[in-house]
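work21.txt follows; it contains compact mmCIF, C-alpha atoms and all ligand atoms.
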```
# COMPACT_ATOMS: atom_id res chain seq x y z
CA MET A 1351 195.72 -49.28 25.40
CA ASN A 1352 198.08 -46.53 26.29
CA THR A 1353 200.35 -45.79 23.39
CA VAL A 1354 201.27 -42.26 24.37
CA SER A 1355 204.89 -42.28 25.29
CA PRO A 1356 206.32 -39.61 27.55
CA GLN A 1357 208.64 -38.56 24.77
CA ASN A 1358 205.52 -37.50 22.99
CA SER A 1359 204.71 -34.81 25.43
CA ARG A 1360 205.09 -32.60 22.41
CA VAL A 1361 202.27 -30.12 22.15
CA ILE A 1362 200.48 -29.34 18.91
CA SER A 1363 197.60 -27.00 18.40
CA GLY A 1364 196.07 -24.94 15.66
CA MET A 1365 193.71 -22.03 15.38
CA ARG A 1366 191.60 -21.10 12.43
CA PRO A 1367 192.49 -17.63 11.13
CA THR A 1368 189.66 -15.47 12.35
CA GLY A 1369 191.52 -12.17 12.20
CA ARG A 1370 192.29 -10.06 15.20
CA LEU A 1371 191.94 -11.91 18.47
CA HIS A 1372 189.93 -10.85 21.48
CA LEU A 1373 190.05 -11.32 25.21
CA GLY A 1374 188.15 -14.58 24.87
CA HIS A 1375 191.04 -16.04 22.86
CA TYR A 1376 193.52 -14.61 25.32
CA HIS A 1377 191.96 -16.02 28.47
CA GLY A 1378 190.60 -19.18 26.90
CA VAL A 1379 193.54 -20.31 24.76
CA LEU A 1380 196.60 -18.12 24.58
CA LYS A 1381 197.35 -17.93 28.29
CA ASN A 1382 197.38 -21.68 28.25
CA TRP A 1383 199.77 -21.72 25.29
CA LEU A 1384 202.02 -19.27 27.10
CA GLU A 1385 202.41 -21.72 29.93
CA LEU A 1386 202.85 -24.74 27.70
CA GLN A 1387 205.60 -23.16 25.64
CA HIS A 1388 207.84 -23.06 28.69
CA GLU A 1389 207.24 -26.67 29.60
CA TYR A 1390 207.09 -28.55 26.33
CA GLU A 1391 208.19 -28.56 22.77
CA CYS A 1392 205.28 -26.76 21.13
CA PHE A 1393 203.97 -26.43 17.59
CA PHE A 1394 201.34 -23.75 17.10
CA PHE A 1395 199.93 -23.12 13.69
CA VAL A 1396 197.36 -21.20 11.71
CA ALA A 1397 194.87 -23.68 10.29
CA ASP A 1398 194.15 -21.85 7.05
CA TRP A 1399 193.00 -24.93 5.16
CA HIS A 1400 190.49 -25.51 7.91
CA ALA A 1401 189.19 -22.00 7.31
CA LEU A 1402 188.73 -22.89 3.65
CA THR A 1403 186.47 -25.80 4.50
CA THR A 1404 183.83 -23.31 5.59
CA HIS A 1405 184.89 -20.14 3.74
CA TYR A 1406 185.75 -21.55 0.34
CA ASP A 1407 183.32 -19.13 -1.27
CA ASP A 1408 185.16 -16.08 0.03
CA PRO A 1409 188.79 -16.76 0.83
CA THR A 1410 190.07 -13.27 0.05
CA ARG A 1411 190.29 -12.18 3.65
CA ILE A 1412 192.12 -15.22 4.92
CA PRO A 1413 195.65 -13.89 4.26
CA GLU A 1414 195.04 -10.76 6.30
CA SER A 1415 193.44 -12.83 9.03
CA ILE A 1416 196.50 -15.04 9.21
CA TRP A 1417 198.73 -12.04 9.51
CA ASP A 1418 196.66 -10.38 12.22
CA MET A 1419 196.44 -13.57 14.18
CA VAL A 1420 200.17 -14.18 14.15
CA VAL A 1421 200.84 -10.61 15.22
CA ASP A 1422 198.46 -11.10 18.13
CA TRP A 1423 200.14 -14.37 19.12
CA LEU A 1424 203.49 -12.65 19.20
CA ALA A 1425 202.08 -9.60 20.96
CA VAL A 1426 200.74 -11.64 23.87
CA GLY A 1427 204.11 -13.31 24.25
CA ILE A 1428 204.04 -16.51 22.25
CA ASN A 1429 207.74 -16.86 21.72
CA PRO A 1430 209.09 -18.21 18.45
CA GLY A 1431 212.20 -19.14 20.38
CA SER A 1432 210.21 -21.59 22.50
CA ALA A 1433 207.46 -22.63 20.12
CA THR A 1434 207.43 -23.38 16.41
CA LEU A 1435 204.89 -21.10 14.76
CA PHE A 1436 203.74 -21.90 11.27
CA VAL A 1437 200.99 -21.76 8.69
CA GLN A 1438 199.35 -25.06 7.77
CA SER A 1439 199.24 -24.52 4.01
CA ARG A 1440 202.95 -23.74 4.00
CA VAL A 1441 203.66 -27.28 5.13
CA PRO A 1442 202.05 -29.18 2.27
CA GLU A 1443 203.02 -32.49 3.86
CA HIS A 1444 199.84 -32.05 5.91
CA ALA A 1445 197.83 -32.51 2.71
CA GLU A 1446 199.72 -35.65 1.81
CA LEU A 1447 199.18 -37.17 5.22
CA HIS A 1448 195.51 -36.22 5.07
CA LEU A 1449 195.22 -37.99 1.75
CA LEU A 1450 196.99 -41.11 2.94
CA LEU A 1451 194.95 -41.26 6.12
CA SER A 1452 191.77 -40.87 4.06
CA MET A 1453 192.53 -44.27 2.53
CA ILE A 1454 191.98 -46.00 5.84
CA THR A 1455 189.22 -43.83 7.27
CA PRO A 1456 185.76 -45.35 7.23
CA LEU A 1457 183.15 -42.82 6.10
CA GLY A 1458 181.03 -43.60 9.13
CA TRP A 1459 183.73 -42.40 11.47
CA LEU A 1460 183.63 -38.96 9.87
CA GLU A 1461 179.86 -38.79 9.59
CA ARG A 1462 179.58 -39.60 13.27
CA VAL A 1463 181.78 -36.72 14.47
CA PRO A 1464 179.27 -34.43 16.22
CA SER A 1465 180.63 -31.18 14.76
CA TYR A 1466 179.83 -32.40 11.25
CA LYS A 1467 176.06 -32.24 11.64
CA ASP A 1468 176.15 -29.45 14.26
CA GLN A 1469 178.01 -27.04 12.06
CA GLN A 1470 175.90 -27.86 9.02
CA GLU A 1471 172.86 -27.00 11.12
CA LYS A 1472 174.41 -23.87 12.52
CA LEU A 1473 175.83 -22.50 9.30
CA LYS A 1474 172.70 -23.13 7.28
CA GLU A 1475 173.47 -20.33 4.86
CA LYS A 1476 176.55 -22.24 3.69
CA ASP A 1477 176.65 -25.37 1.64
CA LEU A 1478 178.76 -27.61 3.79
CA ALA A 1479 177.83 -30.83 2.09
CA THR A 1480 181.32 -30.93 0.67
CA TYR A 1481 184.04 -33.51 0.66
CA GLY A 1482 186.41 -31.03 2.28
CA PHE A 1483 184.09 -30.29 5.15
CA LEU A 1484 183.44 -33.94 5.86
CA GLY A 1485 187.19 -34.35 6.00
CA TYR A 1486 187.67 -31.47 8.43
CA PRO A 1487 188.45 -33.63 11.46
CA LEU A 1488 190.66 -35.94 9.43
CA LEU A 1489 192.73 -32.98 8.29
CA GLN A 1490 193.04 -32.13 11.95
CA SER A 1491 194.19 -35.68 12.64
CA ALA A 1492 196.89 -35.25 10.02
CA ASP A 1493 197.96 -31.97 11.67
CA ILE A 1494 198.33 -33.71 14.98
CA LEU A 1495 199.83 -37.03 13.93
CA MET A 1496 202.39 -35.30 11.72
CA TYR A 1497 204.19 -34.04 14.83
CA LYS A 1498 203.57 -37.20 16.78
CA GLY A 1499 201.98 -34.78 19.15
CA GLY A 1500 201.30 -36.27 22.51
CA GLN A 1501 199.22 -33.43 23.80
CA VAL A 1502 196.65 -31.34 22.07
CA PRO A 1503 195.34 -28.31 23.92
CA VAL A 1504 191.79 -27.84 22.70
CA GLY A 1505 188.42 -26.66 23.86
CA GLU A 1506 185.57 -28.94 24.81
CA ASP A 1507 184.16 -28.79 21.28
CA GLN A 1508 187.31 -30.30 19.79
CA VAL A 1509 187.70 -33.31 22.04
CA ALA A 1510 185.81 -35.52 19.61
CA HIS A 1511 188.37 -34.63 16.95
CA VAL A 1512 191.23 -35.77 19.13
CA GLU A 1513 189.31 -38.96 19.88
CA LEU A 1514 188.95 -39.59 16.17
CA THR A 1515 192.66 -38.94 15.79
CA ARG A 1516 193.37 -41.64 18.34
CA GLU A 1517 191.26 -44.12 16.44
CA ILE A 1518 192.93 -43.24 13.16
CA ALA A 1519 196.37 -43.65 14.72
CA ARG A 1520 195.42 -47.02 16.16
CA ARG A 1521 194.11 -48.19 12.83
CA PHE A 1522 197.16 -46.92 11.01
CA ASN A 1523 199.55 -48.65 13.39
CA HIS A 1524 197.51 -51.80 13.24
CA LEU A 1525 197.53 -51.87 9.45
CA PHE A 1526 201.02 -50.65 8.73
CA GLY A 1527 202.96 -51.29 11.90
CA ARG A 1528 202.98 -55.00 11.28
CA GLU A 1529 205.96 -56.32 9.48
CA PRO A 1530 207.28 -59.75 8.72
CA GLY A 1531 209.26 -61.12 11.59
CA PHE A 1532 208.05 -58.44 13.96
CA GLU A 1533 208.71 -60.43 17.12
CA GLU A 1534 212.24 -61.30 16.11
CA ARG A 1535 213.02 -57.74 15.15
CA ALA A 1536 211.63 -56.53 18.45
CA GLU A 1537 213.76 -59.07 20.28
CA GLN A 1538 216.82 -57.89 18.38
CA ALA A 1539 215.98 -54.32 19.28
CA ARG A 1540 215.58 -55.30 22.89
CA ARG A 1541 219.03 -56.79 23.02
CA LYS A 1542 220.51 -53.60 21.60
CA MET A 1543 219.64 -51.86 24.85
CA GLY A 1544 222.37 -53.73 26.67
CA LYS A 1545 222.10 -56.68 28.97
CA LYS A 1546 220.78 -54.96 32.06
CA ASN A 1547 218.16 -52.84 30.34
CA ALA A 1548 217.12 -55.68 28.06
CA LYS A 1549 216.43 -57.82 31.07
CA LEU A 1550 214.58 -55.08 32.87
CA PHE A 1551 212.45 -54.49 29.77
CA SER A 1552 211.47 -58.16 29.62
CA LYS A 1553 210.53 -58.16 33.24
CA LEU A 1554 208.39 -55.07 32.91
CA ARG A 1555 206.79 -56.36 29.74
CA THR A 1556 205.81 -59.59 31.46
CA ARG A 1557 204.44 -57.75 34.43
CA TYR A 1558 202.34 -55.55 32.20
CA ARG A 1559 201.16 -58.27 29.85
CA GLU A 1560 200.41 -60.88 32.47
CA GLN A 1561 199.17 -58.74 35.30
CA GLY A 1562 198.07 -55.57 33.50
CA ASP A 1563 200.43 -53.63 35.72
CA GLN A 1564 200.14 -50.00 34.55
CA GLU A 1565 203.11 -48.90 36.56
CA ALA A 1566 205.28 -51.45 34.84
CA LEU A 1567 204.08 -50.07 31.52
CA GLU A 1568 205.03 -46.56 32.52
CA VAL A 1569 208.43 -47.57 33.77
CA ALA A 1570 209.01 -49.47 30.55
CA HIS A 1571 208.05 -46.39 28.54
CA ALA A 1572 210.48 -44.30 30.52
CA LEU A 1573 213.15 -46.92 29.99
CA LEU A 1574 212.63 -46.81 26.24
CA GLU A 1575 212.71 -43.02 26.25
CA SER A 1576 216.03 -42.99 27.97
CA GLN A 1577 217.66 -45.22 25.36
CA GLY A 1578 219.86 -42.95 23.34
CA ASN A 1579 221.51 -45.61 21.23
CA ILE A 1580 218.61 -47.35 19.52
CA THR A 1581 216.97 -46.11 16.32
CA ILE A 1582 213.54 -44.54 16.15
CA SER A 1583 212.20 -47.60 14.34
CA ASP A 1584 213.54 -49.90 17.01
CA ARG A 1585 211.98 -47.76 19.67
CA GLU A 1586 208.65 -47.89 17.87
CA ARG A 1587 208.98 -51.66 17.64
CA LEU A 1588 209.63 -51.95 21.32
CA PHE A 1589 206.66 -49.76 22.18
CA GLY A 1590 204.48 -52.00 20.06
CA TYR A 1591 206.06 -55.15 21.44
CA LEU A 1592 205.40 -53.99 24.95
CA GLU A 1593 201.70 -53.61 24.31
CA GLY A 1594 201.20 -56.50 21.98
CA GLY A 1595 200.70 -54.78 18.63
CA GLY A 1596 203.03 -53.93 15.81
CA ARG A 1597 205.23 -50.88 15.57
CA VAL A 1598 203.76 -47.67 16.87
CA ILE A 1599 204.49 -45.35 13.97
CA LEU A 1600 201.93 -42.69 14.81
CA PRO A 1601 201.47 -42.43 18.57
CA GLU A 1602 198.03 -41.70 19.92
CA PRO A 1603 197.62 -38.14 21.18
CA ARG A 1604 195.49 -37.03 24.05
CA PRO A 1605 193.43 -33.89 24.52
CA LEU A 1606 194.66 -31.34 26.99
CA LEU A 1607 191.61 -29.52 28.22
CA SER A 1608 192.65 -26.04 29.22
CA LYS A 1609 191.86 -25.14 32.77
CA ALA A 1610 191.37 -21.57 31.66
CA SER A 1611 188.04 -20.05 32.52
CA LYS A 1612 185.46 -19.24 29.92
CA MET A 1613 185.72 -15.57 29.25
CA PRO A 1614 182.35 -13.86 29.43
CA GLY A 1615 181.59 -11.28 26.80
CA LEU A 1616 180.15 -7.81 27.31
CA ASP A 1617 176.64 -9.25 27.51
CA GLY A 1618 177.43 -12.16 29.81
CA GLN A 1619 177.36 -14.80 27.07
CA LYS A 1620 180.60 -16.47 26.07
CA MET A 1621 182.83 -13.93 24.33
CA SER A 1622 182.62 -14.57 20.62
CA LYS A 1623 182.77 -12.54 17.45
CA SER A 1624 179.47 -13.98 16.31
CA TYR A 1625 177.72 -12.56 19.37
CA GLY A 1626 179.25 -9.11 18.84
CA ASN A 1627 180.26 -8.97 22.50
CA THR A 1628 184.03 -8.87 22.23
CA ILE A 1629 186.89 -6.69 23.29
CA ALA A 1630 189.68 -7.12 20.75
CA LEU A 1631 193.24 -7.20 22.00
CA ARG A 1632 194.04 -4.28 19.74
CA ASP A 1633 190.94 -2.18 20.42
CA GLU A 1634 191.89 1.42 21.20
CA PRO A 1635 191.82 2.13 24.95
CA LEU A 1636 189.04 4.62 24.42
CA VAL A 1637 186.96 2.02 22.64
CA VAL A 1638 187.64 -0.51 25.37
CA GLU A 1639 186.59 1.96 28.01
CA GLN A 1640 183.47 2.89 26.12
CA SER A 1641 182.49 -0.76 25.60
CA LEU A 1642 182.82 -1.51 29.28
CA ARG A 1643 181.03 1.64 30.38
CA THR A 1644 178.05 0.87 28.22
CA MET A 1645 177.84 -2.83 28.88
CA PRO A 1646 174.57 -3.99 30.41
CA THR A 1647 174.17 -4.52 34.15
CA ASP A 1648 171.49 -6.08 36.31
CA THR A 1649 168.39 -5.08 34.36
CA GLN A 1650 166.38 -4.92 37.55
CA ARG A 1651 168.60 -2.22 38.95
CA VAL A 1652 167.00 0.69 37.15
CA ARG A 1653 167.85 3.60 39.39
CA ARG A 1654 171.06 4.28 41.26
CA THR A 1655 169.11 3.88 44.51
CA ASP A 1656 167.76 0.41 43.60
CA PRO A 1657 169.70 -2.43 45.17
CA GLY A 1658 171.00 -4.94 42.62
CA ASP A 1659 172.09 -8.54 42.48
CA PRO A 1660 175.51 -9.34 41.03
CA GLU A 1661 174.29 -12.81 40.07
CA ARG A 1662 172.12 -11.19 37.43
CA CYS A 1663 174.90 -8.97 36.13
CA PRO A 1664 177.52 -9.59 33.43
CA VAL A 1665 179.83 -7.09 35.11
CA TRP A 1666 180.05 -9.42 38.07
CA GLN A 1667 181.28 -12.19 35.78
CA LEU A 1668 184.13 -9.95 34.72
CA HIS A 1669 184.97 -9.30 38.36
CA GLN A 1670 185.43 -13.05 38.74
CA ILE A 1671 188.20 -12.87 36.18
CA TYR A 1672 189.83 -9.59 37.08
CA SER A 1673 189.21 -8.76 40.71
CA ASP A 1674 190.65 -9.89 44.01
CA GLU A 1675 188.61 -10.88 47.05
CA ASP A 1676 188.55 -7.36 48.47
CA ILE A 1677 187.07 -5.84 45.37
CA LYS A 1678 184.65 -8.71 45.01
CA SER A 1679 183.21 -8.25 48.48
CA TRP A 1680 183.07 -4.50 47.87
CA VAL A 1681 180.93 -5.26 44.80
CA GLN A 1682 178.68 -7.74 46.59
CA GLU A 1683 178.12 -5.36 49.48
CA GLY A 1684 177.79 -2.20 47.49
CA CYS A 1685 175.54 -3.63 44.82
CA ARG A 1686 173.10 -5.30 47.17
CA SER A 1687 172.85 -2.22 49.39
CA ALA A 1688 172.88 0.29 46.55
CA GLY A 1689 175.98 1.65 48.20
CA ILE A 1690 177.83 1.85 44.88
CA GLY A 1691 176.68 2.75 41.40
CA CYS A 1692 177.31 0.62 38.36
CA VAL A 1693 179.75 3.19 37.04
CA ASP A 1694 181.82 2.81 40.21
CA CYS A 1695 181.55 -0.93 39.98
CA LYS A 1696 182.93 -1.03 36.46
CA GLN A 1697 185.95 1.16 37.16
CA PRO A 1698 188.23 -1.56 38.58
CA ILE A 1699 187.48 -3.71 35.54
CA ILE A 1700 188.23 -0.90 33.15
CA ASP A 1701 191.55 -0.38 34.92
CA ALA A 1702 192.39 -4.07 34.92
CA VAL A 1703 191.55 -4.64 31.26
CA LEU A 1704 193.43 -1.55 30.13
CA GLY A 1705 196.39 -2.61 32.24
CA GLU A 1706 196.31 -6.06 30.76
CA LEU A 1707 196.10 -4.77 27.20
CA ARG A 1708 198.72 -2.04 27.48
CA PRO A 1709 201.86 -4.20 27.06
CA ILE A 1710 200.14 -6.34 24.44
CA GLN A 1711 199.25 -3.31 22.39
CA GLU A 1712 202.72 -1.88 22.73
CA ARG A 1713 204.25 -5.06 21.36
CA ALA A 1714 201.64 -5.24 18.62
CA ARG A 1715 202.54 -1.70 17.53
CA GLU A 1716 206.20 -2.62 17.38
CA LEU A 1717 205.43 -5.70 15.34
CA GLU A 1718 203.16 -3.82 12.96
CA GLN A 1719 206.10 -1.62 12.15
CA GLN A 1720 208.35 -4.56 11.38
CA PRO A 1721 206.49 -6.70 8.88
CA ASP A 1722 209.74 -8.22 7.69
CA LEU A 1723 210.51 -9.49 11.14
CA VAL A 1724 207.11 -11.14 11.39
CA ARG A 1725 207.45 -12.58 7.92
CA ASN A 1726 210.84 -14.05 8.76
CA LEU A 1727 209.58 -15.57 11.96
CA ILE A 1728 206.79 -17.30 10.09
CA ASN A 1729 209.14 -18.45 7.35
CA ASP A 1730 211.53 -19.93 9.88
CA GLY A 1731 208.68 -21.64 11.72
CA CYS A 1732 207.33 -23.13 8.50
CA GLU A 1733 210.77 -24.47 7.63
CA ALA A 1734 211.26 -25.99 11.07
CA ALA A 1735 207.83 -27.58 10.94
CA ARG A 1736 208.56 -28.95 7.48
CA ASP A 1737 211.72 -30.62 8.72
CA VAL A 1738 209.69 -32.61 11.19
CA ALA A 1739 206.90 -33.21 8.70
CA ARG A 1740 209.30 -34.54 6.07
CA GLU A 1741 210.68 -37.04 8.51
CA THR A 1742 207.27 -38.28 9.51
CA MET A 1743 206.20 -38.57 5.90
CA GLU A 1744 209.21 -40.66 5.06
CA GLU A 1745 208.25 -43.12 7.73
CA VAL A 1746 204.62 -43.06 6.69
CA ARG A 1747 205.40 -43.63 3.01
CA LEU A 1748 207.71 -46.45 3.86
CA ALA A 1749 205.14 -48.07 6.12
CA MET A 1750 202.53 -47.80 3.34
CA SER A 1751 204.91 -49.25 0.78
CA LEU A 1752 205.08 -46.01 -1.18
CA VAL A 1753 208.60 -46.69 -2.30
CA PHE A 1754 210.05 -47.13 -5.71
CA PRO A 1755 211.86 -50.36 -6.19
N1 LIG T 1801 189.69 -27.40 14.48
C1 LIG T 1801 190.39 -26.52 15.38
C2 LIG T 1801 189.46 -25.39 15.80
O1 LIG T 1801 188.50 -25.13 15.15
C3 LIG T 1801 191.64 -25.96 14.75
C4 LIG T 1801 192.65 -27.02 14.45
C5 LIG T 1801 193.02 -27.48 13.22
C6 LIG T 1801 193.41 -27.75 15.40
N2 LIG T 1801 193.96 -28.43 13.33
C7 LIG T 1801 194.23 -28.64 14.66
C8 LIG T 1801 193.48 -27.74 16.79
C9 LIG T 1801 195.11 -29.51 15.28
C10 LIG T 1801 194.35 -28.63 17.41
C11 LIG T 1801 195.17 -29.50 16.66
O2 LIG T 1801 189.73 -24.76 16.78
FE1 LIG T 1802 176.29 -5.09 38.22
FE2 LIG T 1802 178.04 -3.85 39.73
FE3 LIG T 1802 175.87 -2.59 38.93
FE4 LIG T 1802 175.69 -4.51 40.73
S1 LIG T 1802 176.75 -2.57 40.94
S2 LIG T 1802 174.38 -4.24 38.95
S3 LIG T 1802 177.28 -5.90 40.02
S4 LIG T 1802 177.49 -3.31 37.65
```

Write-out of the structure in structure tokens:
Amino acid sequence: MNTVSPQNSRVISGMRPTGRLHLGHYHGVLKNWLELQHEYECFFFVADWHALTTHYDDPTRIPESIWDMVVDWLAVGINPGSATLFVQSRVPEHAELHLLLSMITPLGWLERVPSYKDQQEKLKEKDLATYGFLGYPLLQSADILMYKGGQVPVGEDQVAHVELTREIARRFNHLFGREPGFEERAEQARRKMGKKNAKLFSKLRTRYREQGDQEALEVAHALLESQGNITISDRERLFGYLEGGGRVILPEPRPLLSKASKMPGLDGQKMSKSYGNTIALRDEPLVVEQSLRTMPTDTQRVRRTDPGDPERCPVWQLHQIYSDEDIKSWVQEGCRSAGIGCVDCKQPIIDAVLGELRPIQERARELEQQPDLVRNLINDGCEAARDVARETMEEVRLAMSLVFP
């Protein structure tokens, strides 16, 4: 069932505070965010509670990590004018939604999420047999559903979490979207659209329900989106009515797999802090240069006069990211014929990386000197996020009968 409405093309994504970011984050995530912020309403946040699920025994460095991460976001060009930037723990509604969703979440659903066992295996030195860690993906669901986010840019490893979120949303809507007299209320809502639109809606609904016509469903969604004069609740009713359920209070999100390439690290493996193969966005140019100059090359090319094979060389992987066709054929040629040395081969990459980092580092320096500005930006973002979160929570509480008589 497709319950994602086009209105919910809102984008929501979070990042755990890992401190200063590196080129892997830039190419793998942030460049994608930079594009999205121009196209959609975006919410980007620091998932500090998620960090606590694995670092509860040593949280002292989290605040600094949050700060450094936000500075890096801003330095690469994430624009608080286009995207709402906030810190998860500063929007405590996320905790409330997590709690309420936990009431309807079968344990098995959480135990089955692949990252649960994987991470416990991987981080053996930590005791992750905690309630909080089991709930990690559910907290993520709360993050997403809070903003009725239609699109969630995530890496491959997070897709299962978005899938879980979809199941939670479906269950929530199923349990709490039903209301006495639903059909009548939906019919009333339909008539509020005006004669012509009401009729069109009925026609599309029949076409979808009787013939499974997807196009009719999409047109009907668009029709509902364009209705300015019906209430949110009525719109939710009509979405549900269209597809045969109750009201759609929490729309199902979908993962947005970034098309960005995997950034190789200095050793050819994926760039990651835990492999010690990173170039941080704020590494001094001299350090960057040194790291690239000393990075390994084709191990079978021992002497300058030995021909090499770019396929065996991590430097070649960086050329794939940074170099144009001309340079790439120069590398292929020169390496295989021993026409160029590895030092020559690395120079265009050194130039490209330094060129890429220069404006980022300039902005970062400016931001570092204006902590108040950064603080205000975060405060404003948290407030804006809370406004949305409060609204969602009101609907959620009402749907779950959390109202005082
Ligand atoms: N779990 C995500 C990660 O490790 C971070 C995250 C938390 C997130 N909440 C989210 C991502 C909501 C997308 C949407 O990268
Ligand atoms: Fe690698 Fe370039 Fe040296 Fe060939 S010439 S081994 S591609 S660094």

Point to revise | Contacts to ligand LIG 1802 (chain T) at 12 Å cut-off (all atoms listed in the file) as a PyMOL selection string | key: chain A and resi 1616-1618+1642-1670+1677-1700

Using only C-alpha atoms and all ligand atoms, find each residue in chain A having at least one atom no more than 6 Å away from ligand LIG 1801 (chain T); report its shortest atom-to-atom pair and that distance in Å (one decimal), rows by chain then rising number, as a tab-separated table.
```
residue	atom	partner	partner_atom	distance
A:Ile1362	CA	T:LIG1801	C11	5.8
A:Ser1363	CA	T:LIG1801	C10	3.8
A:Gly1364	CA	T:LIG1801	C6	3.9
A:Met1365	CA	T:LIG1801	C3	4.5
A:Arg1366	CA	T:LIG1801	C3	5.4
A:Ala1397	CA	T:LIG1801	C5	5.1
A:Gln1490	CA	T:LIG1801	N2	4.1
A:Asp1493	CA	T:LIG1801	C9	5.2
A:Ile1494	CA	T:LIG1801	C9	5.3
A:Val1502	CA	T:LIG1801	C10	5.9
A:Val1504	CA	T:LIG1801	C10	5.9
```

Point to revise | For Trp1383 (chain A), the nearest of the candidates A:Ala1570, A:Arg1528, A:Arg1740, A:Leu1606, counting all atoms listed in the file | key: A:Leu1606

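Residues within 9 Å of Val1638 (chain A), counting all atoms listed in the file and excluding same-chain residues fewer than 3 positions away, are Ile1629, Ala1630, Asp1633, Glu1634, Pro1635, Ser1641, Leu1642, Arg1643, Ile1700, Val1703 and Leu1704 of chain A.
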
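For the set A:Ala1734, A:Leu1460, A:Leu1717, A:Met1621, the residue with the smallest atom-to-atom gap to Phe1394 (chain A) is A:Ala1734, counting only C-alpha atoms.
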
Check your understanding: Taking all atoms listed in the file into account, which of A:Arg1708, A:His1405, A:Arg1747, A:Arg1715 comes nearest Leu1447 (chain A)?
Key -> A:Arg1747

Review point. Which of these residues is nearest to Arg1370 (chain A), using only C-alpha atoms: A:Ala1714, A:Ala1536, A:Ala1572, A:Val1746?
Key: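 Among the listed residues, the smallest separation from Arg1370 (chain A) belongs to A:Ala1714.
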
Point to revise | Computed interatomic separation between CA of Val1437 (chain A) and CA of Val1396 (chain A) (Å) | key: 4.8 Å

Practice item. Work out how far apart CA of Gln1470 (chain A) and CA of Glu1443 (chain A) are and give it in Å to one decimal. Key: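 About the pair CA of Gln1470 (chain A) and CA of Glu1443 (chain A): they are 28.0 Å apart.
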
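Of the listed residues A:Gly1590, A:Pro1413, A:Pro1755, A:Gly1369, the one whose atoms come nearest to Ala1539 (chain A) is A:Gly1590, with distances taken using only C-alpha atoms.
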
**Study point:** region 1612-1614 of chain A environment, 9 Å, all atoms listed in the file, sequence neighbours closer than 4 positions dropped, as a list in words
**Key:**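 Contacts, in chain order: Leu1373, Gly1374, His1375, Tyr1376, His1377, Gly1378, Gly1618, Gln1619, Lys1620, Met1621, Ser1622, Asn1627, Thr1628, Pro1664, Gln1667, Leu1668 and Ile1671 of chain A.
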
Revision key, fill the gap. Using only C-alpha atoms, the best pick from A:Gln1501, A:Ser1465, A:Thr1434, A:Thr1515 as closest to Asp1730 (chain A) would be A:Thr1434

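Residues in contact range of Val1512 (chain A), defined as at most 8 Å between only C-alpha atoms, with sequence neighbours fewer than 6 positions away removed, read Ser1491, Val1502, Pro1603, Arg1604 and Pro1605 of chain A.
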
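Going from CA of Val1463 (chain A) to CA of Leu1478 (chain A) covers 14.4 Å.
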
Check your understanding: Do you know which residues are at most 12 Å from Ser1452 (chain A) counting all atoms listed in the file, after dropping those on the same chain fewer than 3 positions away, and could you put them as number ranges by chain?
Key -> A: 1445-1449, 1455-1457, 1459-1460, 1481-1482, 1484-1492, 1515, 1518-1519, 1521-1522

Padding 5 Å on every side, please: axis-aligned box over the listed atoms of region 1534-1546 of chain A, centre and edge lengths to one decimal in Å, as JSON.
```
{"center_x": 217.0, "center_y": -56.6, "center_z": 23.6, "size_x": 20.7, "size_y": 19.4, "size_z": 26.9}
```
